[in-house]
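Content type CSV, C-alpha atoms, from the file my_file-v9.csv:
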chain,number,residue,atom,x,y,z
C,1,MET,CA,0.8,-17.8,21.5
C,2,SER,CA,-2.3,-19.8,21.0
C,3,ARG,CA,-1.8,-23.6,20.9
C,4,GLY,CA,-4.6,-24.0,18.4
C,5,LEU,CA,-3.4,-23.9,14.7
C,6,ILE,CA,-5.0,-21.2,12.6
C,7,LYS,CA,-7.0,-22.5,9.7
C,8,TYR,CA,-5.7,-20.6,6.7
C,9,HIS,CA,-6.8,-21.3,3.1
C,10,VAL,CA,-5.9,-19.6,-0.1
C,11,PRO,CA,-8.1,-20.8,-3.0
C,12,LEU,CA,-5.5,-21.9,-5.5
C,13,SER,CA,-7.7,-21.1,-8.5
C,14,THR,CA,-7.3,-17.4,-7.6
C,15,HIS,CA,-3.6,-17.3,-8.1
C,16,ALA,CA,-3.6,-17.2,-11.9
C,17,GLU,CA,-6.6,-14.9,-12.0
C,18,SER,CA,-5.7,-12.1,-9.5
C,19,GLY,CA,-2.0,-12.4,-9.3
C,20,VAL,CA,-2.2,-11.2,-5.6
C,21,HIS,CA,-1.2,-14.3,-3.8
C,22,VAL,CA,1.9,-15.1,-5.9
C,23,GLN,CA,3.7,-12.2,-4.2
C,24,GLN,CA,3.2,-13.7,-0.7
C,25,ALA,CA,6.2,-15.3,1.1
C,26,ILE,CA,7.4,-18.8,1.2
C,27,ALA,CA,7.4,-19.8,4.9
C,28,VAL,CA,10.4,-22.0,5.9
C,29,LEU,CA,10.8,-23.4,9.4
C,30,ASP,CA,13.4,-25.5,11.1
C,31,SER,CA,14.6,-26.6,14.5
C,32,GLY,CA,17.4,-24.1,14.3
C,33,VAL,CA,19.8,-22.9,11.6
C,34,GLY,CA,19.7,-26.0,9.4
C,35,GLY,CA,16.9,-24.7,7.3
C,36,LEU,CA,19.1,-21.9,6.1
C,37,THR,CA,20.6,-24.4,3.7
C,38,VAL,CA,17.2,-24.6,2.1
C,39,VAL,CA,16.8,-20.9,2.2
C,40,ARG,CA,20.1,-20.3,0.4
C,41,GLU,CA,19.0,-22.6,-2.4
C,42,VAL,CA,15.6,-21.0,-2.7
C,43,MET,CA,17.3,-17.5,-2.9
C,44,ARG,CA,19.7,-18.8,-5.5
C,45,GLN,CA,17.1,-20.7,-7.6
C,46,LEU,CA,14.1,-18.3,-7.1
C,47,PRO,CA,15.6,-14.8,-6.4
C,48,ARG,CA,12.2,-13.1,-6.7
C,49,GLU,CA,10.6,-15.1,-3.9
C,50,LYS,CA,10.2,-13.6,-0.4
C,51,ILE,CA,11.3,-15.8,2.4
C,52,LEU,CA,9.8,-15.9,5.9
C,53,TYR,CA,12.1,-18.1,8.1
C,54,PHE,CA,11.7,-19.3,11.6
C,55,GLY,CA,14.5,-21.1,13.4
C,56,ASP,CA,13.6,-22.6,16.7
C,57,THR,CA,17.1,-22.2,18.1
C,58,ALA,CA,15.9,-22.1,21.7
C,59,ARG,CA,14.6,-25.7,21.5
C,60,ALA,CA,17.1,-27.3,19.1
C,61,PRO,CA,17.9,-30.0,18.5
C,62,TYR,CA,14.6,-31.8,17.7
C,63,GLY,CA,16.2,-35.2,17.0
C,64,PRO,CA,16.2,-36.6,20.6
C,65,ARG,CA,12.8,-35.3,21.5
C,66,PRO,CA,9.6,-37.4,21.7
C,67,ALA,CA,7.2,-37.3,18.7
C,68,GLU,CA,4.4,-35.6,20.5
C,69,GLU,CA,6.7,-32.7,21.4
C,70,ILE,CA,8.0,-32.3,17.9
C,71,VAL,CA,4.4,-32.2,16.6
C,72,ARG,CA,3.5,-29.5,19.2
C,73,PHE,CA,6.6,-27.4,18.4
C,74,THR,CA,5.9,-27.6,14.7
C,75,ARG,CA,2.2,-26.6,15.2
C,76,GLU,CA,3.3,-23.6,17.3
C,77,ILE,CA,5.7,-22.3,14.7
C,78,VAL,CA,3.2,-22.8,11.8
C,79,ASP,CA,0.5,-21.1,13.9
C,80,TYR,CA,2.8,-18.1,14.2
C,81,LEU,CA,4.0,-18.0,10.6
C,82,ILE,CA,0.5,-18.4,9.1
C,83,GLN,CA,-0.6,-15.0,10.3
C,84,TYR,CA,1.7,-13.6,7.6
C,85,LYS,CA,-0.4,-15.4,5.0
C,86,PRO,CA,2.3,-17.3,3.2
C,87,LYS,CA,1.6,-19.1,-0.1
C,88,MET,CA,3.5,-22.2,0.9
C,89,VAL,CA,5.0,-23.8,4.1
C,90,VAL,CA,8.3,-25.7,3.9
C,91,ILE,CA,9.2,-27.9,6.8
C,92,ALA,CA,12.9,-27.7,6.4
C,93,CYS,CA,13.7,-30.1,9.2
C,94,ASN,CA,14.0,-33.8,8.5
C,95,THR,CA,12.8,-34.8,12.0
C,96,ALA,CA,9.7,-32.5,11.8
C,97,THR,CA,9.1,-33.7,8.3
C,98,ALA,CA,9.2,-37.4,9.3
C,99,ILE,CA,6.9,-36.8,12.3
C,100,ALA,CA,4.7,-33.8,11.7
C,101,LEU,CA,4.3,-33.3,7.9
C,102,GLU,CA,1.0,-35.0,7.5
C,103,ASP,CA,-0.4,-33.4,10.6
C,104,ILE,CA,0.4,-29.9,9.3
C,105,ARG,CA,-0.9,-30.7,5.8
C,106,SER,CA,-4.3,-31.6,7.4
C,107,ARG,CA,-4.5,-28.2,9.1
C,108,VAL,CA,-3.6,-25.7,6.5
C,109,GLY,CA,-5.1,-25.1,3.0
C,110,ILE,CA,-1.8,-24.1,1.2
C,111,PRO,CA,0.9,-26.4,-0.1
C,112,VAL,CA,3.1,-27.9,2.6
C,113,ILE,CA,6.3,-29.7,1.7
C,114,GLY,CA,9.0,-31.5,3.6
C,115,VAL,CA,12.6,-32.4,2.8
C,116,ILE,CA,12.5,-36.2,2.8
C,117,ASN,CA,10.9,-37.2,-0.5
C,118,PRO,CA,12.9,-34.8,-2.7
C,119,GLY,CA,16.2,-36.2,-1.3
C,120,ALA,CA,15.0,-39.8,-1.7
C,121,ARG,CA,14.0,-39.2,-5.4
C,122,ALA,CA,17.4,-37.7,-6.1
C,123,ALA,CA,19.2,-40.6,-4.6
C,124,ILE,CA,17.3,-43.2,-6.5
C,125,GLY,CA,17.9,-41.3,-9.7
C,126,ARG,CA,21.7,-41.3,-9.1
C,127,THR,CA,22.6,-44.5,-7.5
C,128,LYS,CA,24.3,-47.1,-9.7
C,129,THR,CA,25.1,-49.7,-7.0
C,130,GLY,CA,21.6,-49.7,-5.5
C,131,VAL,CA,23.1,-49.0,-2.1
C,132,VAL,CA,22.1,-45.7,-0.5
C,133,GLY,CA,23.3,-44.3,2.8
C,134,VAL,CA,21.3,-42.0,5.0
C,135,ILE,CA,22.6,-40.0,7.9
C,136,GLY,CA,20.3,-37.9,10.1
C,137,THR,CA,19.2,-37.2,13.6
C,138,GLU,CA,17.9,-39.9,16.0
C,139,GLY,CA,14.3,-38.9,15.4
C,140,THR,CA,14.7,-39.1,11.6
C,141,ILE,CA,16.6,-42.3,11.5
C,142,ASN,CA,14.3,-44.0,14.1
C,143,SER,CA,11.2,-43.0,12.2
C,144,GLY,CA,12.2,-45.1,9.2
C,145,ALA,CA,10.9,-42.3,6.9
C,146,TYR,CA,13.8,-42.4,4.5
C,147,GLU,CA,13.8,-46.2,4.1
C,148,GLN,CA,10.0,-46.0,3.4
C,149,ALA,CA,10.4,-43.2,0.8
C,150,LEU,CA,13.4,-44.9,-0.9
C,151,ARG,CA,11.7,-48.3,-1.1
C,152,GLN,CA,8.5,-46.9,-2.4
C,153,LEU,CA,10.5,-45.6,-5.3
C,154,SER,CA,12.8,-48.7,-5.7
C,155,PRO,CA,11.8,-51.8,-3.7
C,156,LEU,CA,15.1,-53.5,-4.2
C,157,VAL,CA,17.3,-50.6,-3.0
C,158,ARG,CA,19.6,-51.4,0.0
C,159,VAL,CA,19.4,-48.6,2.6
C,160,VAL,CA,22.2,-48.1,5.2
C,161,THR,CA,21.3,-45.6,7.9
C,162,LYS,CA,23.2,-44.0,10.8
C,163,ALA,CA,22.1,-41.4,13.4
C,164,CYS,CA,24.7,-38.7,13.9
C,165,PRO,CA,23.4,-36.7,16.9
C,166,ASN,CA,26.7,-34.9,17.4
C,167,PHE,CA,26.5,-33.0,14.1
C,168,VAL,CA,23.6,-30.6,14.9
C,169,PRO,CA,25.2,-29.1,18.0
C,170,LEU,CA,28.4,-28.3,16.1
C,171,VAL,CA,26.4,-26.4,13.5
C,172,GLU,CA,24.1,-24.6,16.0
C,173,ASP,CA,27.2,-23.4,17.9
C,174,GLY,CA,28.8,-22.2,14.7
C,175,HIS,CA,31.7,-24.7,14.9
C,176,TYR,CA,31.1,-26.4,11.6
C,177,ARG,CA,34.6,-25.4,10.2
C,178,SER,CA,36.5,-26.4,13.4
C,179,GLN,CA,39.0,-29.2,13.9
C,180,ASP,CA,36.5,-30.7,16.4
C,181,ALA,CA,33.9,-30.9,13.6
C,182,ARG,CA,36.4,-32.7,11.3
C,183,ASP,CA,37.3,-35.2,14.1
C,184,THR,CA,33.6,-35.7,15.0
C,185,VAL,CA,32.6,-36.4,11.4
C,186,ALA,CA,35.5,-38.7,10.8
C,187,ASN,CA,34.7,-40.7,13.9
C,188,ASP,CA,30.9,-40.9,13.5
C,189,LEU,CA,31.0,-41.9,9.8
C,190,LEU,CA,33.7,-44.5,10.1
C,191,PRO,CA,31.2,-47.4,10.3
C,192,LEU,CA,29.6,-46.4,7.0
C,193,ARG,CA,32.9,-46.7,5.0
C,194,GLY,CA,32.6,-50.5,4.7
C,195,PHE,CA,29.4,-50.4,2.7
C,196,PRO,CA,29.4,-50.2,-1.1
C,197,MET,CA,27.2,-47.2,-1.2
C,198,ASP,CA,27.5,-44.6,-4.0
C,199,CYS,CA,25.1,-42.1,-2.6
C,200,LEU,CA,24.8,-40.6,0.9
C,201,ILE,CA,21.7,-38.6,1.7
C,202,LEU,CA,22.4,-35.7,4.1
C,203,GLY,CA,19.1,-36.4,6.0
C,204,CYS,CA,19.3,-33.3,8.1
C,205,THR,CA,19.3,-29.8,6.8
C,206,HIS,CA,22.1,-28.9,9.2
C,207,TYR,CA,24.5,-31.4,7.5
C,208,PRO,CA,25.3,-29.4,4.4
C,209,PHE,CA,27.2,-27.0,6.7
C,210,LEU,CA,29.5,-30.0,7.1
C,211,ALA,CA,29.4,-31.2,3.5
C,212,ASP,CA,33.0,-30.6,2.6
C,213,THR,CA,34.2,-32.6,5.7
C,214,ILE,CA,31.6,-35.4,5.1
C,215,SER,CA,32.8,-35.7,1.5
C,216,GLU,CA,36.4,-35.9,2.5
C,217,VAL,CA,35.6,-38.7,4.9
C,218,MET,CA,33.4,-40.7,2.6
C,219,GLY,CA,35.7,-40.3,-0.5
C,220,PRO,CA,35.1,-39.3,-4.1
C,221,LYS,CA,33.1,-42.4,-5.1
C,222,VAL,CA,30.2,-41.4,-2.8
C,223,THR,CA,27.9,-38.6,-4.1
C,224,LEU,CA,26.3,-36.5,-1.3
C,225,ILE,CA,22.6,-35.8,-1.8
C,226,SER,CA,21.6,-32.5,-0.2
C,227,SER,CA,17.9,-32.5,0.8
C,228,ALA,CA,18.2,-28.7,0.8
C,229,TYR,CA,19.1,-28.4,-2.9
C,230,GLU,CA,16.5,-31.0,-3.9
C,231,THR,CA,13.8,-29.3,-1.8
C,232,ALA,CA,14.4,-26.0,-3.4
C,233,ARG,CA,13.9,-27.7,-6.8
C,234,GLU,CA,10.7,-29.1,-5.6
C,235,ILE,CA,9.5,-25.7,-4.4
C,236,SER,CA,10.2,-24.3,-7.8
C,237,THR,CA,8.3,-27.1,-9.5
C,238,ILE,CA,5.2,-26.8,-7.3
C,239,LEU,CA,5.0,-23.0,-7.6
C,240,HIS,CA,5.4,-23.2,-11.4
C,241,GLU,CA,2.7,-25.9,-11.7
C,242,LYS,CA,0.3,-23.9,-9.6
C,243,ASN,CA,1.1,-20.6,-11.3
C,244,MET,CA,2.3,-19.2,-8.0
C,245,LEU,CA,5.8,-18.0,-8.9
C,246,ALA,CA,6.5,-14.4,-7.8
C,247,ARG,CA,6.3,-11.9,-10.7
C,248,ASN,CA,7.5,-8.8,-8.9
C,249,GLU,CA,10.4,-6.8,-10.2
C,250,GLU,CA,11.2,-5.4,-6.8
C,251,VAL,CA,13.9,-6.9,-4.6
C,252,PRO,CA,12.1,-9.0,-2.0
C,253,VAL,CA,12.5,-8.2,1.7
C,254,HIS,CA,13.1,-11.4,3.7
C,255,GLN,CA,12.1,-11.9,7.3
C,256,PHE,CA,14.1,-14.1,9.7
C,257,PHE,CA,12.9,-15.1,13.1
C,258,CYS,CA,14.6,-17.2,15.8
C,259,SER,CA,13.5,-18.3,19.3
C,260,GLY,CA,17.0,-18.2,20.9
C,261,ASP,CA,20.1,-16.1,20.9
C,262,PRO,CA,19.6,-13.6,18.0
C,263,LYS,CA,23.3,-12.6,17.7
C,264,LYS,CA,24.5,-16.2,17.3
C,265,PHE,CA,21.7,-16.9,14.8
C,266,GLN,CA,22.5,-13.8,12.8
C,267,VAL,CA,26.2,-14.5,12.7
C,268,ILE,CA,25.6,-18.0,11.3
C,269,ALA,CA,22.9,-16.9,8.9
C,270,GLN,CA,25.1,-14.1,7.5
C,271,ASP,CA,28.1,-16.4,7.1
C,272,TRP,CA,26.1,-19.2,5.4
C,273,LEU,CA,23.9,-17.0,3.2
C,274,GLY,CA,26.7,-14.7,2.3
C,275,GLU,CA,26.2,-13.1,-1.1
C,276,GLN,CA,22.5,-14.0,-1.1
C,277,ILE,CA,21.6,-11.6,1.7
C,278,ARG,CA,24.1,-8.9,0.6
C,279,LEU,CA,21.9,-8.6,-2.5
C,280,THR,CA,18.5,-8.4,-0.7
C,281,PRO,CA,17.2,-6.7,2.4
C,282,VAL,CA,16.7,-8.8,5.5
C,283,VAL,CA,14.7,-8.1,8.7
C,284,TRP,CA,16.0,-9.9,11.8
C,285,GLN,CA,13.6,-10.5,14.7
C,286,VAL,CA,13.3,-12.6,17.8
C,287,ARG,CA,10.1,-14.4,18.6
C,288,ARG,CA,9.6,-16.9,21.3
C,289,VAL,CA,7.0,-19.7,20.9
C,290,GLY,CA,5.4,-22.1,23.2
C,291,ALA,CA,5.6,-22.3,26.9
What do you get writing this file as structure tokens?
Amino acid sequence: MSRGLIKYHVPLSTHAESGVHVQQAIAVLDSGVGGLTVVREVMRQLPREKILYFGDTARAPYGPRPAEEIVRFTREIVDYLIQYKPKMVVIACNTATAIALEDIRSRVGIPVIGVINPGARAAIGRTKTGVVGVIGTEGTINSGAYEQALRQLSPLVRVVTKACPNFVPLVEDGHYRSQDARDTVANDLLPLRGFPMDCLILGCTHYPFLADTISEVMGPKVTLISSAYETAREISTILHEKNMLARNEEVPVHQFFCSGDPKKFQVIAQDWLGEQIRLTPVVWQVRRVGA
């Protein structure tokens, strides 16, 4: 695949006039299966929208990787997806959002959204103590992207962060309901229990797979903020404002791509999406990107 990113522009003024582009897909990309948490919410909230998903399972996780590598990987995936002429790109990976979002926005002429700002806004709107926790990959936490987003909204907010690099491999291997997952979550989140936070942002789209266990560990006084749920709401808002919501009556056919083991990816996707993909046709494909 070419390393140069394709320049793709849809004149937004034509959406309302022609109605052609509103039927195009929403492209969603992630380092692996984590972005499926966003997909499930989009399917639930916007059932008419076609989804074009790419999970870079062969190169997950992104969290420990250097920034320049994450930017390159994100460019390669967008380069591939853009040939399908989507109407929006969703970077459903917190690490890629923190590091590559503005780079991708500068290269394509359609809306590109990430998963950090929606989660930050939701947390600020719900916290009563003014103490917000954030868990994520090493790349996301080290970038400081959540602290910046939270403090832009509320300068006095106290932000407590912790990298949880052990969580993504559990999800990618399909072990998110195992005893090992429960033990790992309990051990890794123990240092956070001493803080008076009332909101905890799941700052990685893989983490909703572990939400029940995380909630048990943190207790009933801590509200979990899913960036997946909040991002789906943001997608809906943007498409509505730009008059780009799908109007078709037909059931959309979704396309799912992965760069790694297709059987493992499909098993996890079918388990997580459940009823959503039993109601709509899905095309499963393998596509390798990069060198």
Report task. Find the residues around C:Phe265 up to 10 Å (all atoms listed in the file counted), leave out those fewer than 5 positions away in its own chain, and share them as JSON, numbers by chain. Result -> {"C": [32, 33, 55, 57, 172, 173, 174, 256, 257, 258, 259, 260, 270, 284, 286]}
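Counting all atoms listed in the file and comparing C:Arg72, C:His21, C:His240, C:Arg121, the residue that lies closest to C:Asp103 is C:Arg72.
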Report task. Rank nothing, just name the residue among C:Ala186, C:Ala98, C:Ala269, C:Ala246 nearest to C:Ala145, using only C-alpha atoms. Result ->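 Result for the nearest residue to C:Ala145: C:Ala98.
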**Report entry** Two-atom distance - atom CA of C:Glu138, atom CA of C:Ser227 (Å)
**Finding:**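 Atom CA of C:Ser227 lies at a distance of 16.9 Å from atom CA of C:Glu138.
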Query raised in the report: Is there a way to get, as JSON, numbers by chain, all residues within 10 Å of the point (29.7, -36.1, 4.5) in file coordinates, counting all atoms listed in the file?
Result: {"C": [135, 185, 186, 189, 200, 201, 202, 207, 208, 209, 210, 211, 212, 213, 214, 215, 216, 217, 218, 219, 222, 223, 224, 225]}
Report task. Around the point (16.7, -24.2, 14.7), in the coordinates given by the file, pick out the residues reaching within 12 Å, counting all atoms listed in the file, and return them as a PyMOL selection string. Result -> chain C and resi 28-37+53-63+73-74+77+91-96+168-169+171-173+204-206+256-262+264-265+268-269
